[in-house]
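Student: Got a file for you: input.txt, compact mmCIF, C-alpha atoms.
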# COMPACT_ATOMS: atom_id res chain seq x y z
CA MET A 126 0.00 0.00 0.00
CA THR A 127 1.56 3.28 -1.02
CA MET A 128 0.89 6.29 1.14
CA ALA A 129 1.01 9.78 -0.26
CA ARG A 130 4.08 11.42 1.18
CA ILE A 131 3.49 15.01 2.27
CA THR A 132 6.59 17.09 1.55
CA SER A 133 7.50 19.48 4.26
CA LYS A 134 7.72 22.44 1.89
CA LYS A 135 4.88 23.23 -0.42
CA PRO A 136 5.92 25.16 -3.53
CA GLU A 137 3.93 28.39 -3.30
CA ALA A 138 4.23 31.72 -4.97
CA PRO A 139 5.14 34.22 -2.19
CA ALA A 140 2.99 37.31 -1.72
CA ALA A 141 5.49 39.68 -3.34
CA GLU A 142 8.68 38.46 -4.87
CA THR A 143 10.66 41.67 -4.64
CA VAL A 144 10.56 44.76 -2.54
CA GLU A 145 11.97 48.18 -3.11
CA LYS A 146 14.26 49.31 -0.35
CA THR A 147 15.93 52.65 0.18
CA ILE A 148 19.64 52.35 0.77
CA GLY A 149 21.55 54.95 2.74
CA GLY A 150 24.82 56.44 1.69
CA ASP A 151 25.68 58.81 -1.12
CA LYS A 152 26.99 56.60 -3.81
CA ASN A 153 24.74 53.60 -3.44
CA GLY A 154 22.06 54.44 -5.93
CA GLY A 155 19.31 55.51 -3.47
CA LYS A 156 16.86 52.69 -4.16
CA ARG A 157 17.34 49.02 -4.89
CA VAL A 158 15.06 46.14 -5.77
CA VAL A 159 15.64 43.39 -3.21
CA PRO A 160 14.09 39.93 -3.12
CA THR A 161 11.70 39.39 -0.21
CA ILE A 162 12.82 35.84 0.50
CA LYS A 163 16.57 35.36 0.09
CA ALA A 164 18.07 32.07 -0.99
CA SER A 165 19.79 30.11 1.77
CA ARG A 166 23.56 30.59 2.12
CA TYR A 167 24.05 27.03 3.32
CA TYR A 168 22.97 23.68 1.99
CA PRO A 169 23.97 20.37 3.57
CA ALA A 170 26.23 18.12 1.49
CA GLU A 171 23.57 15.36 1.41
CA ASP A 172 19.83 15.68 1.65
CA VAL A 173 18.79 15.07 5.25
CA ARG A 174 15.60 13.08 5.88
CA GLN A 175 12.90 15.28 7.38
CA PRO A 176 10.91 13.62 10.21
CA LYS A 177 7.23 13.18 9.45
CA LYS A 178 4.91 15.75 10.98
CA SER A 179 2.59 14.20 13.54
CA ARG A 180 -1.13 14.48 12.90
CA LYS A 181 -2.01 13.82 16.55
CA SER A 182 -3.08 16.73 18.72
CA PRO A 183 -3.67 16.58 22.46
CA LYS A 184 -7.33 16.88 23.45
CA PRO A 185 -8.79 17.55 26.90
CA ALA A 186 -9.29 14.27 28.77
CA SER A 187 -12.78 12.79 28.48
CA LEU A 188 -14.60 12.44 31.79
CA ARG A 189 -14.91 8.95 33.27
CA SER A 190 -18.51 7.75 33.27
CA THR A 191 -18.34 7.12 37.02
CA ILE A 192 -17.69 10.81 37.75
CA THR A 193 -20.83 12.96 37.83
CA PRO A 194 -21.50 16.25 39.66
CA GLY A 195 -21.81 15.43 43.34
CA THR A 196 -19.58 12.36 43.29
CA VAL A 197 -17.23 11.93 46.22
CA LEU A 198 -13.67 11.57 44.94
CA ILE A 199 -10.53 10.42 46.73
CA LEU A 200 -7.47 12.51 45.90
CA LEU A 201 -4.36 10.40 45.45
CA ALA A 202 -1.60 12.94 44.94
CA GLY A 203 -0.71 16.50 45.68
CA ARG A 204 -0.99 18.60 48.80
CA PHE A 205 -4.37 17.11 49.71
CA ARG A 206 -3.64 13.46 49.03
CA GLY A 207 -5.93 11.09 50.87
CA LYS A 208 -8.71 13.62 51.21
CA ARG A 209 -12.27 12.87 50.18
CA VAL A 210 -13.75 15.76 48.19
CA VAL A 211 -16.86 16.57 46.20
CA PHE A 212 -16.72 16.88 42.42
CA LEU A 213 -18.42 19.92 40.92
CA LYS A 214 -17.69 20.03 37.21
CA GLN A 215 -15.10 19.48 34.53
CA LEU A 216 -13.35 22.58 33.20
CA GLU A 217 -12.45 23.22 29.55
CA SER A 218 -8.87 22.14 30.08
CA GLY A 219 -10.09 18.72 31.18
CA LEU A 220 -9.23 19.22 34.84
CA LEU A 221 -11.88 18.58 37.47
CA LEU A 222 -13.20 21.34 39.71
CA VAL A 223 -13.57 20.03 43.27
CA THR A 224 -14.28 21.46 46.69
CA GLY A 225 -13.77 19.97 50.20
CA PRO A 226 -16.11 21.62 51.18
CA TYR A 227 -13.59 23.93 52.82
CA LYS A 228 -15.38 24.00 56.17
CA ILE A 229 -15.25 20.24 56.44
CA ASN A 230 -11.79 19.21 55.36
CA GLY A 231 -9.89 22.33 54.35
CA VAL A 232 -9.82 21.61 50.63
CA PRO A 233 -10.73 24.84 48.77
CA LEU A 234 -12.18 25.16 45.27
CA ARG A 235 -9.42 23.53 43.35
CA ARG A 236 -8.52 21.98 40.05
CA VAL A 237 -7.53 18.34 40.08
CA ASN A 238 -6.37 15.95 37.40
CA GLN A 239 -8.70 13.07 36.72
CA ALA A 240 -5.81 10.62 36.57
CA TYR A 241 -4.95 11.13 40.24
CA VAL A 242 -8.42 10.52 41.57
CA ILE A 243 -10.49 7.53 42.65
CA ALA A 244 -14.18 7.94 41.99
CA THR A 245 -16.33 6.41 44.73
CA SER A 246 -19.91 5.33 44.16
CA THR A 247 -21.09 7.75 46.85
CA LYS A 248 -22.94 10.62 45.21
CA LEU A 249 -24.43 13.78 46.67
CA ASP A 250 -27.70 15.12 45.37
CA LEU A 251 -26.73 18.48 43.89
CA GLU A 252 -29.98 19.01 42.05
CA GLY A 253 -30.49 22.50 40.71
CA PHE A 254 -27.01 23.61 41.68
CA THR A 255 -24.96 24.92 38.78
CA VAL A 256 -21.41 26.04 39.33
CA ASP A 257 -20.95 29.74 38.77
CA GLN A 258 -19.58 30.49 35.31
CA LYS A 259 -16.75 32.52 36.75
CA PHE A 260 -14.97 29.39 38.00
CA ASN A 261 -12.98 28.49 34.93
CA ASP A 262 -9.35 27.79 34.16
CA ALA A 263 -8.47 31.50 34.01
CA TYR A 264 -9.73 31.95 37.60
CA PHE A 265 -7.26 29.39 38.87
CA THR A 266 -4.12 30.07 36.84
CA LYS A 267 -1.16 31.37 38.82
CA VAL A 268 -0.73 35.15 38.74
CA ALA A 269 2.49 36.13 36.89
CA ALA A 270 5.31 36.83 39.39
CA LYS A 271 5.72 40.47 40.33
CA GLY A 272 8.73 42.15 38.60
CA SER A 273 12.17 40.64 38.87
CA ARG A 274 14.12 41.35 42.06
CA SER A 275 17.62 42.74 42.09
CA ALA A 276 20.49 40.39 42.86
CA GLU A 277 21.14 42.20 46.15
CA GLU A 278 17.59 41.76 47.38
CA GLU A 279 17.65 38.10 46.55
CA PHE A 280 20.95 37.64 48.34
CA PHE A 281 19.59 39.13 51.55
CA GLU A 282 16.34 37.23 51.34
CA ASP A 283 18.09 33.93 50.84
CA GLY A 284 17.16 31.39 53.50
CA LYS A 285 14.04 33.16 54.69
CA PRO A 286 10.66 31.82 53.50
CA LYS A 287 9.36 33.80 50.54
CA ALA A 288 6.74 36.36 51.53
CA LYS A 289 3.33 35.05 50.43
CA GLU A 290 0.59 37.29 49.16
CA PRO A 291 -2.43 37.22 51.49
CA LEU A 292 -5.47 35.47 50.02
CA PRO A 293 -7.77 38.06 48.44
CA ALA A 294 -11.07 38.39 50.30
CA SER A 295 -12.98 37.66 47.11
CA ARG A 296 -11.58 34.12 47.14
CA SER A 297 -12.95 33.25 50.57
CA ALA A 298 -16.28 34.83 49.68
CA ASP A 299 -16.41 32.76 46.49
CA GLN A 300 -15.60 29.65 48.50
CA LYS A 301 -18.43 30.26 50.98
CA GLU A 302 -20.90 30.90 48.19
CA ALA A 303 -19.99 27.81 46.24
CA ASP A 304 -20.01 25.57 49.31
CA LYS A 305 -23.50 26.53 50.48
CA ALA A 306 -25.39 24.07 48.33
CA VAL A 307 -22.82 21.33 48.84
CA LEU A 308 -22.92 21.64 52.63
CA ALA A 309 -26.72 21.47 52.60
CA ALA A 310 -26.55 18.23 50.63
CA VAL A 311 -23.87 16.80 52.94
CA LYS A 312 -25.97 17.43 56.04
CA LYS A 313 -28.77 15.29 54.61
CA THR A 314 -26.82 12.04 54.86
CA GLU A 315 -25.85 10.71 58.26
CA ASN A 316 -22.13 10.59 58.98
CA LEU A 317 -21.26 12.01 55.56
CA SER A 318 -19.51 15.05 56.99
CA LYS A 319 -17.45 12.76 59.24
CA TYR A 320 -16.65 10.72 56.16
CA LEU A 321 -15.47 13.75 54.21
CA LYS A 322 -13.47 14.92 57.20
CA SER A 323 -11.51 11.68 57.48
CA SER A 324 -8.75 10.67 55.11
CA TRP A 325 -8.52 7.52 53.08
CA GLY A 326 -5.79 4.92 53.28
CA LEU A 327 -5.07 1.27 52.62
CA SER A 328 -4.69 -1.05 55.57
CA LYS A 329 -3.31 -4.55 55.78
CA GLY A 330 -5.17 -6.99 53.57
CA GLN A 331 -6.78 -4.29 51.45
CA TYR A 332 -5.89 -4.34 47.79
CA PRO A 333 -7.27 -1.64 45.47
CA HIS A 334 -8.10 -4.11 42.72
CA GLN A 335 -10.23 -6.10 45.16
CA LEU A 336 -11.95 -3.18 46.83
CA VAL A 337 -15.27 -1.79 45.70
CA PHE A 338 -15.20 1.98 45.74
CA MET B 154 -19.15 -52.12 57.83
CA PRO B 155 -17.32 -50.76 60.92
CA GLU B 156 -18.63 -47.39 62.15
CA SER B 157 -17.62 -44.62 59.77
CA ASN B 158 -17.72 -40.98 60.58
CA PHE B 159 -19.17 -39.87 57.26
CA LYS B 160 -22.58 -38.27 57.53
CA ARG B 161 -23.08 -36.47 54.19
CA PHE B 162 -23.26 -38.83 51.28
CA VAL B 163 -23.53 -38.34 47.57
CA GLU B 164 -26.96 -39.88 47.05
CA VAL B 165 -30.20 -39.24 45.25
CA GLY B 166 -31.91 -36.34 47.00
CA ARG B 167 -28.77 -34.82 48.52
CA VAL B 168 -28.87 -31.01 48.33
CA VAL B 169 -25.66 -29.60 46.93
CA LEU B 170 -24.17 -26.12 46.65
CA LEU B 171 -22.67 -25.23 43.27
CA LYS B 172 -19.17 -23.85 43.66
CA ALA B 173 -18.31 -22.89 40.08
CA GLY B 174 -19.97 -22.19 36.77
CA PRO B 175 -22.73 -19.80 35.79
CA SER B 176 -25.00 -20.96 38.62
CA ALA B 177 -22.27 -20.69 41.26
CA GLY B 178 -23.63 -20.05 44.73
CA LYS B 179 -27.03 -21.69 44.08
CA ILE B 180 -28.29 -24.97 45.48
CA ALA B 181 -29.62 -27.98 43.59
CA VAL B 182 -30.61 -31.58 44.26
CA ILE B 183 -28.84 -34.74 43.07
CA ALA B 184 -31.36 -36.52 40.85
CA GLU B 185 -29.16 -39.35 39.63
CA ILE B 186 -25.58 -40.56 39.92
CA ILE B 187 -23.72 -41.03 36.64
CA ASP B 188 -20.37 -42.34 37.81
CA HIS B 189 -17.60 -41.68 40.33
CA ASN B 190 -17.07 -38.19 38.87
CA ARG B 191 -20.46 -36.78 37.93
CA ALA B 192 -24.07 -36.68 38.92
CA ILE B 193 -27.21 -35.25 37.38
CA ILE B 194 -28.31 -32.28 39.43
CA ASP B 195 -31.53 -30.31 39.18
CA GLY B 196 -32.68 -27.10 40.87
CA PRO B 197 -36.10 -26.12 39.51
CA THR B 198 -36.92 -23.92 42.51
CA THR B 199 -33.54 -22.15 42.41
CA SER B 200 -33.29 -21.72 38.61
CA VAL B 201 -30.52 -24.30 38.12
CA PRO B 202 -31.14 -26.22 34.89
CA ARG B 203 -31.05 -30.01 34.99
CA GLN B 204 -27.54 -31.05 33.94
CA ALA B 205 -24.58 -33.32 34.59
CA TYR B 206 -22.19 -31.82 37.09
CA PRO B 207 -18.82 -32.97 38.42
CA TYR B 208 -18.55 -33.52 42.19
CA LYS B 209 -15.40 -31.45 42.03
CA HIS B 210 -17.52 -28.33 41.64
CA LEU B 211 -20.15 -29.33 44.21
CA ALA B 212 -20.28 -28.98 47.97
CA LEU B 213 -22.53 -31.38 49.91
CA THR B 214 -24.92 -29.78 52.37
CA PRO B 215 -26.54 -31.43 55.39
CA LEU B 216 -29.97 -31.02 53.70
CA LYS B 217 -31.60 -33.89 51.89
CA LEU B 218 -34.83 -34.50 49.98
CA THR B 219 -35.93 -37.82 51.44
CA GLY B 220 -38.24 -39.86 49.32
CA LEU B 221 -36.97 -38.63 45.98
CA PRO B 222 -36.92 -41.62 43.62
CA ARG B 223 -33.85 -42.20 41.48
CA ALA B 224 -33.90 -40.44 38.08
CA ALA B 225 -36.94 -38.38 38.99
CA GLY B 226 -37.81 -35.77 36.39
CA THR B 227 -37.73 -32.04 36.95
CA GLY B 228 -41.45 -31.87 37.74
CA ALA B 229 -41.17 -34.43 40.53
CA VAL B 230 -38.12 -32.70 41.99
CA ARG B 231 -39.90 -29.35 41.92
CA LYS B 232 -43.00 -30.74 43.68
CA LEU B 233 -40.93 -32.30 46.45
CA ALA B 234 -38.67 -29.26 46.83
CA GLU B 235 -41.69 -26.97 47.16
CA LYS B 236 -43.34 -29.28 49.68
CA GLU B 237 -40.20 -29.32 51.84
CA ALA B 238 -39.60 -25.57 51.30
CA LEU B 239 -36.01 -26.32 50.44
CA ALA B 240 -34.98 -22.84 49.39
CA GLU B 241 -36.19 -21.30 52.69
CA LYS B 242 -34.56 -24.04 54.75
CA TRP B 243 -31.27 -23.29 53.01
CA GLU B 244 -31.55 -19.52 53.45
CA LYS B 245 -32.17 -19.96 57.18
CA SER B 246 -29.12 -22.17 57.70
CA ALA B 247 -26.04 -20.68 59.33
CA TRP B 248 -23.97 -21.63 56.30
CA ALA B 249 -26.11 -19.64 53.89
CA GLN B 250 -26.25 -16.67 56.25
CA LYS B 251 -22.49 -16.60 56.63
CA ARG B 252 -22.14 -16.66 52.83
CA ALA B 253 -24.58 -13.76 52.54
CA ALA B 254 -22.71 -11.76 55.18
CA MET B 255 -19.38 -12.33 53.42
CA GLU B 256 -20.83 -11.22 50.11
CA LYS B 257 -22.24 -8.08 51.70
CA ARG B 258 -18.91 -7.23 53.32
CA ARG B 259 -17.03 -7.68 50.07
CA SER B 260 -19.41 -5.46 48.15
CA LEU B 261 -19.27 -2.52 50.57
CA ASN B 262 -18.19 0.74 49.02
CA ASP B 263 -15.81 3.21 50.65
CA PHE B 264 -18.57 5.02 52.56
CA GLY B 265 -19.96 1.65 53.67
CA ARG B 266 -16.62 0.60 55.09
CA PHE B 267 -16.38 3.92 56.91
CA SER B 268 -19.86 3.53 58.42
CA VAL B 269 -18.99 0.01 59.59
CA MET B 270 -15.90 1.38 61.27
CA LEU B 271 -17.99 4.03 63.06
CA ALA B 272 -20.56 1.45 64.18
CA LYS B 273 -17.86 -0.83 65.54
CA LYS B 274 -16.35 2.07 67.44
CA GLN B 275 -19.70 2.99 69.00
CA ARG B 276 -20.37 -0.61 70.01
CA ARG B 277 -16.87 -0.91 71.47
CA ASP B 278 -17.49 2.22 73.51
CA VAL B 279 -20.81 1.01 74.93
CA VAL B 280 -19.27 -2.35 75.85
CA ARG B 281 -16.29 -0.72 77.48
CA LYS B 282 -18.46 1.53 79.61
CA ALA B 283 -20.68 -1.38 80.65
CA ILE B 284 -17.66 -3.42 81.70
CA HIS B 285 -16.25 -0.53 83.69
CA LYS B 286 -19.56 -0.09 85.46
CA ALA B 287 -19.82 -3.79 86.21
CA LYS B 288 -16.28 -3.83 87.58
CA LYS B 289 -17.02 -1.00 89.95
CA ALA B 290 -20.09 -2.77 91.30
Can the structure from this file be put into structure tokens for me?

Tutor:
Amino acid sequence: MTMARITSKKPEAPAAETVEKTIGGDKNGGKRVVPTIKASRYYPAEDVRQPKKSRKSPKPASLRSTITPGTVLILLAGRFRGKRVVFLKQLESGLLLVTGPYKINGVPLRRVNQAYVIATSTKLDLEGFTVDQKFNDAYFTKVAAKGSRSAEEEFFEDGKPKAKEPLPASRSADQKEADKAVLAAVKKTENLSKYLKSSWGLSKGQYPHQLVF
Amino acid sequence: MPESNFKRFVEVGRVVLLKAGPSAGKIAVIAEIIDHNRAIIDGPTTSVPRQAYPYKHLALTPLKLTGLPRAAGTGAVRKLAEKEALAEKWEKSAWAQKRAAMEKRRSLNDFGRFSVMLAKKQRRDVVRKAIHKAKKA
């Protein structure tokens, strides 16, 4: 089976082949017609094989069927590993938006990768609750670092913990607002808040492939 | 024959528990013995089709359908099983209840396991307090 080979360079007529440029200096003729794209000054002795261009493009991860809004997830990695959190929605980048809720286990509104999560079969009833549109990837991206510091400043600061910016008040207000509906749903089930408060772990004789989550 | 300690025999009417195959976990009755390896079993009241089955994949139970003639057809087995209420007798037995409890424990989800842990803790606490009270008295 022969496959059509796509050459890396397509022969195309450029927009404008030549351009008029003004040249400085007295005796240089004032204006000159100069080609827009100049020929290369270097060619390799033998033709080098160009690697094929890949036609694959990364797409945002598709959501597992077991994860629906209100599902309790177990975080497996990161600062909050072992915590049980509530899933809210999947963002455009493919990451999952989760919340502790903050009052229960200290996990704020946060993005989490689906690959580092166990989905349990415990689901909260979040009927009628839609996550505010403002919680998207842009809301969570790190703010660009404030201007570069001089070498002297850095030298003196060395060894001391970096000064952290205090959390803007809007963040905690957002957290409270988003957690209202979730907390109401949690209170409906007995022991569920205790469950979310505790952390998950494997004990002797427990094997993940034999456990039902 | 000198006294033997065997009580459960492979015989016509013996109730058996299927250990493997699509009907694993269900009970059936031995209707006929084929040879030293297989028997014909039938479980019309427990949805086990009449078939030849190797003893290797059967477990003998202490239950028995007395009065079942050899090579009785499915209809006769069903009538006798319904008269003796075999399925209920099995469900009430300690063996069947232990099996059910094991299955329940294995199928618990994460929240279930957590709730069991809480319940055990509460029970432990009540017992501890009762013991302490009794000791003081």

Student: Edge lengths and centre, in Å to one decimal, as lines of an AutoDock Vina configuration file: that's what I need for the box along x, y and z that holds all listed atoms of segment 171-181 of chain B plus 5 Å on each side.

Tutor:
center_x = -24.0
center_y = -23.9
center_z = 40.6
size_x = 21.3
size_y = 18.2
size_z = 19.7

Student: Contacts between chain B and chain A, please, where a residue of chain A counts if it comes within 9 Å (with only C-alpha atoms); show its shortest atom pair and distance in Å to one decimal, rows by chain and ascending number, as JSON lines.

Tutor:
{"residue": "A:Thr245", "atom": "CA", "partner": "B:Asp263", "partner_atom": "CA", "distance": 6.7}
{"residue": "A:Ser246", "atom": "CA", "partner": "B:Asn262", "partner_atom": "CA", "distance": 6.9}
{"residue": "A:Thr247", "atom": "CA", "partner": "B:Phe264", "partner_atom": "CA", "distance": 6.8}
{"residue": "A:Asn316", "atom": "CA", "partner": "B:Ser268", "partner_atom": "CA", "distance": 7.4}
{"residue": "A:Leu317", "atom": "CA", "partner": "B:Phe264", "partner_atom": "CA", "distance": 8.1}
{"residue": "A:Tyr320", "atom": "CA", "partner": "B:Phe267", "partner_atom": "CA", "distance": 6.8}
{"residue": "A:Trp325", "atom": "CA", "partner": "B:Asp263", "partner_atom": "CA", "distance": 8.8}
{"residue": "A:Gln335", "atom": "CA", "partner": "B:Arg259", "partner_atom": "CA", "distance": 8.5}
{"residue": "A:Leu336", "atom": "CA", "partner": "B:Arg259", "partner_atom": "CA", "distance": 7.5}
{"residue": "A:Val337", "atom": "CA", "partner": "B:Asn262", "partner_atom": "CA", "distance": 5.1}
{"residue": "A:Phe338", "atom": "CA", "partner": "B:Asn262", "partner_atom": "CA", "distance": 4.6}

Student: In the coordinate frame of the file, compute which residues have an atom within 9 Å of (-19.9, -39.0, 33.0) when using all atoms listed in the file, and state them as an MDAnalysis selection string.

Tutor: chainID B and resid 187:192 205:207

Student: Near Lys217 of chain B, within 7 Å and counting only C-alpha atoms, which residues show up once chain neighbours fewer than 3 positions away are dropped, as JSON, numbers by chain?

Tutor: {"B": [166, 167, 168]}

Student: Please, what distance in Å, to one decimal, runs between atom CA of Ser318 of chain A and atom CA of Asn230 of chain A?

Tutor: 8.9 Å

Student: In Å, how far is it from atom CA of Glu171 of chain A to atom CA of Glu142 of chain A?

Tutor: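 Taking atom CA of Glu171 of chain A as the start and atom CA of Glu142 of chain A as the end point, the length is 28.2 Å.
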
Student: Using only C-alpha atoms, which of B:Lys282, B:Lys274, B:Lys160, B:Lys289 sits nearest Thr214 of chain B?

Tutor: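 Looking at the shortest contact to Thr214 of chain B, the residue is B:Lys160.
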
Student: Between atom CA of Leu216 of chain B and atom CA of Leu239 of chain B, what is the distance, to one decimal in Å?

Tutor: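 Interatomic distance, atom CA of Leu216 of chain B to atom CA of Leu239 of chain B: 8.3 Å.
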
Student: For Ile194 of chain B, find every residue with an atom within 6 Å (counting all atoms listed in the file), except residues of its own chain fewer than 6 positions away, and show them as a list in words.

Tutor: Val182, Ile183, Ala184, Arg203 and Gln204 of chain B

Student: Which one is closest to Val230 of chain B: B:Tyr208, B:Trp243, B:Met255, B:Pro197? Count only C-alpha atoms.

Tutor: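 Using only C-alpha atoms, Val230 of chain B sits closest to B:Pro197.
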
Student: Using all atoms listed in the file, determine which residues lie at most 12 Å from Asn261 of chain A, disregarding the query and same-chain residues fewer than 5 positions distant; provide the list as a PyMOL selection string.

Tutor: chain A and resi 213-223+234-236+256+266
